[in-house]
file run_32.cif (mmCIF, C-alpha atoms and all ligand atoms)
data_start
#
loop_
_atom_site.label_atom_id
_atom_site.label_comp_id
_atom_site.auth_asym_id
_atom_site.auth_seq_id
_atom_site.Cartn_x
_atom_site.Cartn_y
_atom_site.Cartn_z
CA MET A 40 0.42 16.42 32.09
CA ALA A 41 -2.86 18.14 31.35
CA GLU A 42 -5.79 15.88 30.64
CA LEU A 43 -6.52 15.50 26.92
CA PRO A 44 -9.71 17.20 25.76
CA PRO A 45 -12.16 15.09 23.72
CA PRO A 46 -10.90 14.24 20.22
CA SER A 47 -12.51 15.16 16.89
CA LEU A 48 -11.76 11.71 15.40
CA ARG A 49 -12.57 8.34 16.85
CA LEU A 50 -12.34 4.68 15.90
CA THR A 51 -14.66 2.17 17.51
CA ILE A 52 -13.60 -1.48 17.44
CA ASP A 53 -16.43 -3.94 18.04
CA ALA A 54 -14.62 -6.70 19.92
CA ASP A 55 -17.72 -8.93 19.87
CA VAL A 56 -17.88 -8.80 16.08
CA LEU A 57 -14.13 -9.47 15.88
CA ALA A 58 -14.63 -12.55 18.05
CA ASP A 59 -17.63 -13.60 15.93
CA ASN A 60 -15.53 -13.29 12.79
CA TRP A 61 -12.81 -15.46 14.34
CA ARG A 62 -15.42 -18.07 15.35
CA ALA A 63 -16.93 -18.03 11.85
CA LEU A 64 -13.50 -18.65 10.33
CA ASP A 65 -12.79 -21.31 12.94
CA ALA A 66 -16.03 -23.08 12.02
CA MET A 67 -15.12 -22.91 8.33
CA SER A 68 -11.65 -24.28 9.17
CA GLY A 69 -13.29 -27.56 10.20
CA ALA A 70 -10.99 -29.80 12.23
CA ALA A 71 -8.05 -27.41 11.86
CA LYS A 72 -7.20 -24.93 14.60
CA THR A 73 -7.52 -21.27 13.72
CA GLY A 74 -4.82 -18.72 14.43
CA ALA A 75 -4.75 -14.98 13.78
CA ALA A 76 -2.44 -12.70 11.82
CA VAL A 77 -1.98 -9.73 14.17
CA LYS A 78 0.91 -8.08 12.31
CA ALA A 79 0.93 -4.34 11.66
CA ASP A 80 -0.89 -3.63 14.94
CA CYS A 81 -3.75 -5.95 14.01
CA TYR A 82 -3.94 -4.50 10.51
CA GLY A 83 -4.14 -1.01 11.95
CA LEU A 84 -6.99 -1.65 14.40
CA GLY A 85 -4.80 -1.91 17.49
CA VAL A 86 -3.30 -4.91 19.30
CA ASP A 87 -4.73 -3.84 22.66
CA ALA A 88 -8.26 -3.65 21.26
CA CYS A 89 -8.07 -6.87 19.24
CA VAL A 90 -5.73 -9.47 20.72
CA PRO A 91 -7.60 -9.95 24.03
CA ALA A 92 -10.86 -10.53 22.12
CA LEU A 93 -9.18 -13.10 19.87
CA ARG A 94 -7.62 -14.80 22.88
CA GLU A 95 -10.95 -14.97 24.71
CA ALA A 96 -12.61 -16.41 21.59
CA GLY A 97 -10.09 -19.27 21.77
CA CYS A 98 -7.31 -18.29 19.40
CA THR A 99 -3.95 -19.72 20.46
CA HIS A 100 -1.59 -18.83 17.57
CA PHE A 101 -0.67 -15.25 16.73
CA PHE A 102 1.42 -14.17 13.74
CA VAL A 103 3.42 -10.93 13.47
CA ALA A 104 5.91 -9.90 10.78
CA HIS A 105 8.56 -7.98 12.77
CA TRP A 106 10.44 -8.69 15.99
CA SER A 107 9.42 -5.19 17.08
CA GLU A 108 5.80 -6.36 17.12
CA VAL A 109 6.32 -9.15 19.67
CA GLU A 110 6.28 -7.09 22.85
CA ALA A 111 2.87 -5.48 22.34
CA VAL A 112 1.24 -8.85 21.58
CA ALA A 113 3.08 -10.57 24.44
CA ARG A 114 1.30 -8.25 26.90
CA HIS A 115 -1.81 -10.27 26.15
CA VAL A 116 -0.68 -13.80 25.27
CA PRO A 117 2.32 -16.00 26.13
CA ALA A 118 5.25 -15.17 23.84
CA ALA A 119 5.57 -18.84 22.88
CA ARG A 120 2.27 -18.49 21.02
CA ILE A 121 3.62 -15.68 18.83
CA SER A 122 5.30 -16.44 15.49
CA VAL A 123 7.54 -13.91 13.75
CA LEU A 124 7.09 -14.31 10.01
CA HIS A 125 10.19 -12.42 8.89
CA GLY A 126 12.37 -14.78 10.88
CA PRO A 127 15.85 -13.98 12.23
CA MET A 128 18.01 -11.80 9.95
CA ASN A 129 20.99 -11.62 12.33
CA ALA A 130 22.32 -12.76 15.70
CA ALA A 131 20.41 -10.00 17.51
CA ASP A 132 17.09 -11.24 16.14
CA ALA A 133 17.93 -14.83 17.08
CA ALA A 134 18.98 -13.78 20.59
CA TYR A 135 15.72 -11.83 20.96
CA ALA A 136 13.78 -14.95 19.98
CA GLN A 137 15.71 -17.03 22.52
CA GLN A 138 15.12 -14.47 25.28
CA THR A 139 11.45 -13.79 24.64
CA GLY A 140 10.40 -17.28 23.59
CA ALA A 141 8.64 -15.96 20.48
CA ALA A 142 8.88 -18.49 17.65
CA PRO A 143 11.04 -17.63 14.65
CA VAL A 144 9.71 -18.60 11.25
CA ILE A 145 12.73 -19.89 9.31
CA ASN A 146 12.58 -18.73 5.71
CA SER A 147 15.94 -19.72 4.21
CA LEU A 148 18.94 -21.98 4.69
CA SER A 149 20.91 -19.07 6.12
CA GLN A 150 18.16 -18.36 8.66
CA ALA A 151 18.20 -22.07 9.57
CA ARG A 152 21.96 -21.93 10.22
CA LEU A 153 21.67 -18.67 12.14
CA TRP A 154 18.98 -20.19 14.36
CA GLN A 155 21.08 -23.26 15.11
CA GLU A 156 24.13 -21.09 15.86
CA SER A 157 22.08 -19.09 18.39
CA GLY A 158 21.24 -22.28 20.27
CA GLY A 159 18.33 -23.48 18.15
CA GLY A 160 15.24 -25.01 19.67
CA THR A 161 11.68 -25.26 18.44
CA CYS A 162 11.01 -23.12 15.39
CA GLN A 163 8.62 -22.86 12.49
CA LEU A 164 9.48 -23.34 8.85
CA MET A 165 8.10 -21.47 5.84
CA VAL A 166 8.26 -23.39 2.57
CA ASP A 167 7.95 -21.49 -0.67
CA THR A 168 5.39 -23.23 -2.88
CA GLY A 169 5.23 -20.64 -5.64
CA ILE A 170 4.69 -17.15 -4.24
CA ASN A 171 8.45 -16.56 -4.40
CA ARG A 172 8.38 -14.26 -1.44
CA LEU A 173 9.83 -15.72 1.78
CA GLY A 174 10.44 -19.43 2.28
CA VAL A 175 12.74 -22.36 1.63
CA SER A 176 12.19 -23.94 -1.77
CA LEU A 177 11.19 -27.59 -2.04
CA GLY A 178 14.57 -28.56 -3.46
CA ASP A 179 16.39 -27.15 -0.41
CA LEU A 180 14.30 -29.02 2.17
CA SER A 181 16.69 -31.97 2.25
CA ASP A 182 19.64 -29.70 3.11
CA PRO A 183 21.27 -30.67 6.46
CA ALA A 184 20.55 -27.16 7.77
CA ILE A 185 16.83 -27.92 7.48
CA ALA A 186 17.09 -31.53 8.62
CA SER A 187 18.62 -30.36 11.91
CA LEU A 188 15.68 -28.07 12.75
CA ASP A 189 13.06 -28.91 15.35
CA VAL A 190 10.00 -27.80 13.37
CA ASP A 191 6.77 -27.14 15.23
CA ILE A 192 4.63 -25.55 12.48
CA LEU A 193 5.48 -26.21 8.84
CA MET A 194 3.83 -23.57 6.72
CA SER A 195 3.45 -22.07 3.29
CA HIS A 196 1.50 -19.15 1.89
CA LEU A 197 -0.94 -18.99 -1.02
CA ALA A 198 -0.44 -16.37 -3.71
CA CYS A 199 -3.91 -16.38 -5.31
CA ALA A 200 -6.35 -17.63 -2.66
CA ASP A 201 -8.65 -14.67 -3.32
CA GLU A 202 -9.27 -15.86 -6.90
CA ASP A 203 -10.08 -19.11 -8.65
CA ASN A 204 -6.62 -19.64 -10.04
CA VAL A 205 -4.78 -22.85 -10.98
CA MET A 206 -1.98 -21.64 -8.68
CA ASN A 207 -4.03 -22.72 -5.65
CA ALA A 208 -4.12 -26.42 -6.49
CA ARG A 209 -0.52 -26.29 -7.68
CA GLN A 210 0.69 -24.77 -4.40
CA LEU A 211 -1.39 -27.31 -2.47
CA GLU A 212 0.40 -30.18 -4.24
CA VAL A 213 3.85 -28.71 -3.58
CA PHE A 214 2.97 -28.13 0.07
CA LYS A 215 1.81 -31.74 0.46
CA GLN A 216 5.19 -32.87 -0.86
CA ALA A 217 6.91 -30.60 1.67
CA THR A 218 4.92 -32.13 4.54
CA GLU A 219 6.28 -35.54 3.53
CA VAL A 220 9.90 -34.36 3.53
CA VAL A 221 10.05 -32.32 6.75
CA PRO A 222 9.10 -33.79 10.14
CA HIS A 223 6.77 -31.34 11.91
CA GLN A 224 4.13 -31.10 14.62
CA SER A 225 1.51 -29.31 12.54
CA ALA A 226 1.03 -27.93 9.04
CA SER A 227 -0.50 -24.60 8.03
CA LEU A 228 -1.26 -23.24 4.55
CA THR A 229 -4.17 -20.84 4.38
CA ASN A 230 -4.85 -17.19 5.03
CA SER A 231 -8.42 -15.80 5.22
CA ALA A 232 -9.27 -16.42 1.58
CA GLY A 233 -7.70 -19.88 1.57
CA ILE A 234 -10.08 -21.03 4.30
CA ALA A 235 -12.89 -20.76 1.74
CA LEU A 236 -11.05 -23.05 -0.69
CA GLY A 237 -12.16 -26.11 1.25
CA SER A 238 -10.93 -28.71 3.70
CA ALA A 239 -8.07 -29.94 1.49
CA TYR A 240 -6.37 -26.62 2.21
CA HIS A 241 -6.90 -26.51 5.97
CA PHE A 242 -4.27 -28.95 7.31
CA ASP A 243 -3.83 -28.45 11.09
CA LEU A 244 -3.91 -24.67 11.48
CA THR A 245 -5.31 -21.75 9.47
CA ARG A 246 -3.94 -18.18 9.64
CA PRO A 247 -6.62 -15.61 8.83
CA GLY A 248 -5.91 -11.90 9.08
CA LEU A 249 -8.00 -9.69 6.81
CA ALA A 250 -11.34 -11.42 7.41
CA LEU A 251 -10.99 -11.14 11.19
CA TYR A 252 -10.99 -7.38 10.78
CA GLY A 253 -13.99 -7.27 8.45
CA GLY A 254 -12.37 -7.89 5.07
CA VAL A 255 -14.12 -10.12 2.54
CA PRO A 256 -11.54 -11.52 0.09
CA ARG A 257 -13.89 -14.13 -1.42
CA PRO A 258 -17.68 -14.18 -1.90
CA GLU A 259 -18.00 -17.36 0.22
CA LEU A 260 -17.11 -15.21 3.24
CA ALA A 261 -19.55 -12.38 2.51
CA ASN A 262 -22.40 -13.55 4.74
CA LYS A 263 -20.14 -14.69 7.57
CA ILE A 264 -17.88 -11.69 8.09
CA LYS A 265 -19.12 -8.44 9.60
CA GLN A 266 -17.70 -4.93 9.93
CA VAL A 267 -15.42 -4.53 12.97
CA ALA A 268 -14.10 -0.98 12.75
CA ARG A 269 -16.16 2.25 12.65
CA PRO A 270 -14.17 5.42 12.07
CA GLU A 271 -15.98 8.68 12.80
CA ALA A 272 -15.04 12.33 12.43
CA ALA A 273 -16.59 15.48 13.88
CA ILE A 274 -17.76 18.58 12.03
CA LEU A 275 -15.39 21.45 12.90
CA GLN A 276 -17.36 24.22 11.25
CA THR A 277 -20.45 24.72 9.11
CA ARG A 278 -20.66 27.27 6.30
CA SER A 279 -23.22 28.52 3.80
CA LEU A 280 -21.94 28.67 0.24
CA SER A 281 -23.43 30.90 -2.44
CA ALA A 282 -23.66 29.87 -6.09
CA GLY A 283 -20.20 30.31 -7.60
CA ASP A 284 -18.23 29.77 -4.36
CA SER A 285 -15.43 27.23 -4.67
CA VAL A 286 -14.22 24.73 -2.08
CA GLY A 287 -10.77 23.61 -1.00
CA TYR A 288 -7.36 23.41 -2.68
CA ASN A 289 -7.25 24.23 -6.37
CA ALA A 290 -10.90 25.30 -6.17
CA GLU A 291 -11.84 21.95 -7.62
CA PHE A 292 -15.51 22.14 -6.64
CA THR A 293 -17.77 25.09 -7.35
CA ALA A 294 -21.25 25.37 -5.85
CA GLN A 295 -23.94 25.58 -8.56
CA CYS A 296 -26.46 26.96 -6.09
CA ALA A 297 -26.56 28.02 -2.44
CA MET A 298 -25.69 25.09 -0.16
CA PRO A 299 -24.70 24.36 3.44
CA THR A 300 -21.36 22.61 3.95
CA GLY A 301 -19.53 21.05 6.87
CA VAL A 302 -15.77 21.11 7.39
CA VAL A 303 -14.91 17.70 8.83
CA SER A 304 -11.89 16.71 10.95
CA LEU A 305 -10.56 13.98 8.64
CA GLY A 306 -7.85 14.08 5.99
CA TYR A 307 -5.22 12.12 4.18
CA ALA A 308 -3.00 12.21 7.28
CA ASP A 309 -5.68 10.03 8.88
CA GLY A 310 -5.53 7.55 6.02
CA PHE A 311 -8.41 9.11 4.15
CA LEU A 312 -6.38 9.41 0.96
CA ARG A 313 -7.24 11.71 -1.91
CA SER A 314 -8.30 8.66 -3.90
CA ARG A 315 -11.22 8.28 -1.50
CA GLY A 316 -12.68 11.70 -2.29
CA GLY A 317 -14.05 12.44 -5.74
CA GLU A 318 -17.21 11.45 -7.59
CA GLY A 319 -19.70 9.44 -5.53
CA SER A 320 -17.74 9.63 -2.26
CA HIS A 321 -19.60 10.51 0.93
CA LEU A 322 -19.69 10.40 4.70
CA LEU A 323 -22.75 9.20 6.58
CA HIS A 324 -25.03 10.65 9.22
CA GLY A 325 -27.15 7.66 10.11
CA GLU A 326 -28.43 6.50 6.73
CA THR A 327 -28.05 9.95 5.16
CA LYS A 328 -25.28 10.29 2.60
CA LEU A 329 -23.31 13.53 2.70
CA PRO A 330 -21.30 13.94 -0.53
CA ILE A 331 -17.64 14.94 -0.21
CA VAL A 332 -16.87 18.04 -2.25
CA GLY A 333 -13.47 19.39 -3.28
CA LYS A 334 -10.06 17.87 -2.63
CA VAL A 335 -9.20 15.94 0.50
CA SER A 336 -6.76 18.03 2.59
CA MET A 337 -4.29 16.74 5.17
CA ASP A 338 -6.59 17.33 8.15
CA MET A 339 -9.96 18.24 6.65
CA ILE A 340 -12.59 17.34 4.11
CA ILE A 341 -15.72 19.26 3.16
CA VAL A 342 -19.14 17.64 2.90
CA ASP A 343 -22.33 18.92 1.31
CA LEU A 344 -24.89 19.20 4.14
CA SER A 345 -27.90 19.75 1.86
CA ASN A 346 -29.29 16.35 2.93
CA ALA A 347 -28.89 17.16 6.65
CA PRO A 348 -28.94 20.95 7.04
CA SER A 349 -29.53 20.81 10.78
CA LEU A 350 -26.10 19.32 11.49
CA ARG A 351 -23.82 21.53 13.59
CA GLU A 352 -20.25 21.88 14.76
CA GLY A 353 -19.30 18.96 16.98
CA ASP A 354 -21.73 16.52 15.37
CA TRP A 355 -20.20 13.17 14.43
CA LEU A 356 -20.21 11.69 10.93
CA GLU A 357 -19.41 8.10 10.08
CA VAL A 358 -16.76 7.18 7.54
CA PRO A 359 -18.07 4.33 5.36
CA PHE A 360 -15.88 1.37 6.26
CA HIS A 361 -17.67 -1.77 5.14
CA LEU A 362 -14.47 -2.91 3.46
CA PRO A 363 -15.79 -4.95 0.49
CA ASP A 364 -18.13 -2.08 -0.45
CA VAL A 365 -15.64 0.73 0.07
CA ALA A 366 -12.55 -0.79 -1.55
CA PRO A 367 -13.70 -1.01 -5.20
CA ASN A 368 -14.12 2.77 -5.65
CA SER A 369 -11.29 3.83 -3.35
CA GLY A 370 -8.27 2.90 -5.44
CA LEU A 371 -7.17 0.82 -2.44
CA SER A 372 -7.35 -2.81 -1.41
CA GLN A 373 -9.28 -3.83 1.71
CA TYR A 374 -5.88 -4.45 3.35
CA GLU A 375 -4.75 -0.92 2.55
CA LEU A 376 -7.97 0.64 3.85
CA LEU A 377 -7.28 -0.99 7.22
CA THR A 378 -3.55 -0.50 7.52
CA THR A 379 -3.51 3.14 6.43
CA LEU A 380 -5.83 4.30 9.23
CA GLY A 381 -3.86 7.16 10.75
CA GLN A 382 -2.36 7.49 14.22
CA ARG A 383 -4.83 10.23 15.18
CA PHE A 384 -7.55 7.58 15.28
CA LYS A 385 -5.61 5.87 18.04
CA PRO A 386 -4.82 8.34 20.83
CA ARG A 387 -2.82 6.81 23.67
C1 LIG B 401 -0.49 -11.75 6.43
C2 LIG B 401 -0.37 -13.21 6.38
C3 LIG B 401 -1.46 -14.03 6.64
C4 LIG B 401 -2.87 -13.49 6.78
O1 LIG B 401 -3.35 -13.18 5.48
P1 LIG B 401 -4.81 -12.57 5.18
O2 LIG B 401 -4.89 -12.53 3.71
O3 LIG B 401 -4.81 -11.21 5.79
O4 LIG B 401 -5.80 -13.45 5.81
C5 LIG B 401 -1.25 -15.39 6.74
N1 LIG B 401 -0.01 -15.92 6.54
C6 LIG B 401 1.06 -15.15 6.23
C7 LIG B 401 2.37 -15.79 6.00
C8 LIG B 401 0.92 -13.78 6.12
O5 LIG B 401 1.98 -13.03 5.79
#

call {"tool": "encode", "arguments": {"input": "run_32.cif", "output": "structure tokens", "more": "lines below"}}
Ligand SMILES: *Cc1c(COP(=O)(O)O)cnc(C)c1O
result
Amino acid sequence: MAELPPPSLRLTIDADVLADNWRALDAMSGAAKTGAAVKADCYGLGVDACVPALREAGCTHFFVAHWSEVEAVARHVPAARISVLHGPMNAADAAYAQQTGAAPVINSLSQARLWQESGGGTCQLMVDTGINRLGVSLGDLSDPAIASLDVDILMSHLACADEDNVMNARQLEVFKQATEVVPHQSASLTNSAGIALGSAYHFDLTRPGLALYGGVPRPELANKIKQVARPEAAILQTRSLSAGDSVGYNAEFTAQCAMPTGVVSLGYADGFLRSRGGEGSHLLHGETKLPIVGKVSMDMIIVDLSNAPSLREGDWLEVPFHLPDVAPNSGLSQYELLTTLGQRFKPR
């Protein structure tokens, strides 16, 4: 195969900052251990770029959602340290768990039975304490199918940890009851935001995801969490518009006076959705803001280069990606900003 020429899009992951974020969350987790949610390819930032840094920082528990996500993570950490949140849906899933050693998270009585039928062994158990997503309800915990499980981590998941909501304390109480019913090695309740709710919520293990990757779900985390990912895109072409010239699909923008523009190699196929264009949106060259004009296309956006008229084809522009700042005007959550980053940012 021919060698790939240099790309016109790039994503830089600062592994040191990622490790610092994990250590900050670990410090906030007090006596509890701190794991890492690495599902969805580390929230879109790439398992290969992120998992080794988390491992070196001291993280020992890794959470994915799908069985298909185990292999990539297991290249970097022992499979026994990987939990699969969706649990086994069928005999093939259970057999895969037995063969790889990845830990199934049991979410229902039927998953508990399926696990035992496949040979059983150590597993994890998700209790539903009010989110009504996955998990065994409190009333079902005394079922023989649950009593027969060998539970390593007993866990639940908070619905409203990113807000001050009475749900948090309510879920905490239900989870405490669950810990008294089910024998287990360790208990785990909180995601990133939940860590900031205080030591009562920490139990033995916390499970941050978003904040590792630079997300700030609660103000208490704002000064501790730093930006990990820096997407950049190159200018493909520069143009000089005259007053009255329009830009892009549906001629949505019309130049009021002569202006230089840059056509940039970034579009909605790269996760830069149309909702991120529009009023007030910009790319950056150093500190200089370059307003985005016209509609976002699949592979291109246009920026006004009036503030940096010396920029040329091939010059790199930074996509603002400080998640708590970018999310409010983007129409997207911080989670969505991360996980929609397109494949072209991640050449193999
Ligand atoms: C995704 C997930 C997490 C991590 O949540 P963040 O809000 O990203 O910190 C923790 N636990 C479970 C069960 C999850 O699904």

call {"tool": "axis_aligned_box", "arguments": {"input": "run_32.cif", "around": "ligand LIG 401 (chain B)", "padding_each_side": "4 Å", "output": "JSON"}}
result
{"center_x": -1.7, "center_y": -13.6, "center_z": 5.2, "size_x": 16.2, "size_y": 12.7, "size_z": 11.1}

call {"tool": "atom_distance", "arguments": {"input": "run_32.cif", "atom1": "atom CA of A:Pro46", "atom2": "atom CA of A:Ser320"}}
result
23.9 Å

call {"tool": "residues_near_ligand", "arguments": {"input": "run_32.cif", "ligand": "ligand LIG 401 (chain B)", "cutoff": "6 Å", "atoms": "all atoms listed in the file", "output": "JSON list (two decimals) with C-alpha atoms, keeping the file's coordinate frame"}}
result
[["chain", "number", "residue", "atom", "x", "y", "z"],
["A", 76, "ALA", "CA", -2.44, -12.70, 11.82],
["A", 196, "HIS", "CA", 1.50, -19.15, 1.89],
["A", 230, "ASN", "CA", -4.85, -17.19, 5.03],
["A", 231, "SER", "CA", -8.42, -15.80, 5.22],
["A", 246, "ARG", "CA", -3.94, -18.18, 9.64],
["A", 247, "PRO", "CA", -6.62, -15.61, 8.83],
["A", 248, "GLY", "CA", -5.91, -11.90, 9.08],
["A", 249, "LEU", "CA", -8.00, -9.69, 6.81]]

call {"tool": "closest_atom_pairs", "arguments": {"input": "run_32.cif", "of": "stretch 277-335 of chain A", "to": "stretch 355-369 of chain A", "cutoff": "10 Å", "atoms": "only C-alpha atoms", "output": "JSON lines"}}
result
{"residue": "A:Val303", "atom": "CA", "partner": "A:Leu356", "partner_atom": "CA", "distance": 8.3}
{"residue": "A:Ser304", "atom": "CA", "partner": "A:Trp355", "partner_atom": "CA", "distance": 9.7}
{"residue": "A:Leu305", "atom": "CA", "partner": "A:Val358", "partner_atom": "CA", "distance": 9.3}
{"residue": "A:Phe311", "atom": "CA", "partner": "A:Val358", "partner_atom": "CA", "distance": 9.2}
{"residue": "A:Leu312", "atom": "CA", "partner": "A:Ser369", "partner_atom": "CA", "distance": 8.6}
{"residue": "A:Arg313", "atom": "CA", "partner": "A:Ser369", "partner_atom": "CA", "distance": 9.0}
{"residue": "A:Ser314", "atom": "CA", "partner": "A:Ser369", "partner_atom": "CA", "distance": 5.7}
{"residue": "A:Arg315", "atom": "CA", "partner": "A:Ser369", "partner_atom": "CA", "distance": 4.8}
{"residue": "A:Gly316", "atom": "CA", "partner": "A:Ser369", "partner_atom": "CA", "distance": 8.1}
{"residue": "A:Gly317", "atom": "CA", "partner": "A:Ser369", "partner_atom": "CA", "distance": 9.4}
{"residue": "A:Glu318", "atom": "CA", "partner": "A:Asn368", "partner_atom": "CA", "distance": 9.4}
{"residue": "A:Gly319", "atom": "CA", "partner": "A:Asn368", "partner_atom": "CA", "distance": 8.7}
{"residue": "A:Ser320", "atom": "CA", "partner": "A:Asn368", "partner_atom": "CA", "distance": 8.5}
{"residue": "A:His321", "atom": "CA", "partner": "A:Pro359", "partner_atom": "CA", "distance": 7.8}
{"residue": "A:Leu322", "atom": "CA", "partner": "A:Val358", "partner_atom": "CA", "distance": 5.2}
{"residue": "A:Leu323", "atom": "CA", "partner": "A:Glu357", "partner_atom": "CA", "distance": 5.0}
{"residue": "A:His324", "atom": "CA", "partner": "A:Leu356", "partner_atom": "CA", "distance": 5.2}
{"residue": "A:Gly325", "atom": "CA", "partner": "A:Glu357", "partner_atom": "CA", "distance": 7.8}
{"residue": "A:Glu326", "atom": "CA", "partner": "A:Glu357", "partner_atom": "CA", "distance": 9.8}
{"residue": "A:Thr327", "atom": "CA", "partner": "A:Leu356", "partner_atom": "CA", "distance": 9.9}
{"residue": "A:Lys328", "atom": "CA", "partner": "A:Pro359", "partner_atom": "CA", "distance": 9.8}
{"residue": "A:Leu329", "atom": "CA", "partner": "A:Leu356", "partner_atom": "CA", "distance": 9.0}

call {"tool": "atom_distance", "arguments": {"input": "run_32.cif", "atom1": "atom CA of A:Gln163", "atom2": "atom CA of A:Leu64"}}
result
22.6 Å

call {"tool": "closest_residue", "arguments": {"input": "run_32.cif", "among": "A:Val123, A:Ala75, A:Ala118, A:Leu228", "to": "A:His241", "atoms": "all atoms listed in the file"}}
result
A:Leu228

call {"tool": "atom_distance", "arguments": {"input": "run_32.cif", "atom1": "atom CA of A:Pro117", "atom2": "atom CA of A:Tyr135"}}
result
15.0 Å

call {"tool": "closest_residue", "arguments": {"input": "run_32.cif", "among": "A:Leu260, A:Lys78, A:Ala88, A:Gly301", "to": "A:Ile121", "atoms": "only C-alpha atoms"}}
result
A:Lys78

call {"tool": "closest_residue", "arguments": {"input": "run_32.cif", "among": "A:Gly253, A:Ser147, A:Asp338, A:Leu153", "to": "A:Ala130", "atoms": "only C-alpha atoms"}}
result
A:Leu153

call {"tool": "residues_near_point", "arguments": {"input": "run_32.cif", "point": "(-5.9, -21.3, 15.4)", "cutoff": "7 Å", "atoms": "all atoms listed in the file", "output": "PyMOL selection string"}}
result
chain A and resi 72-75+98-100+244-246
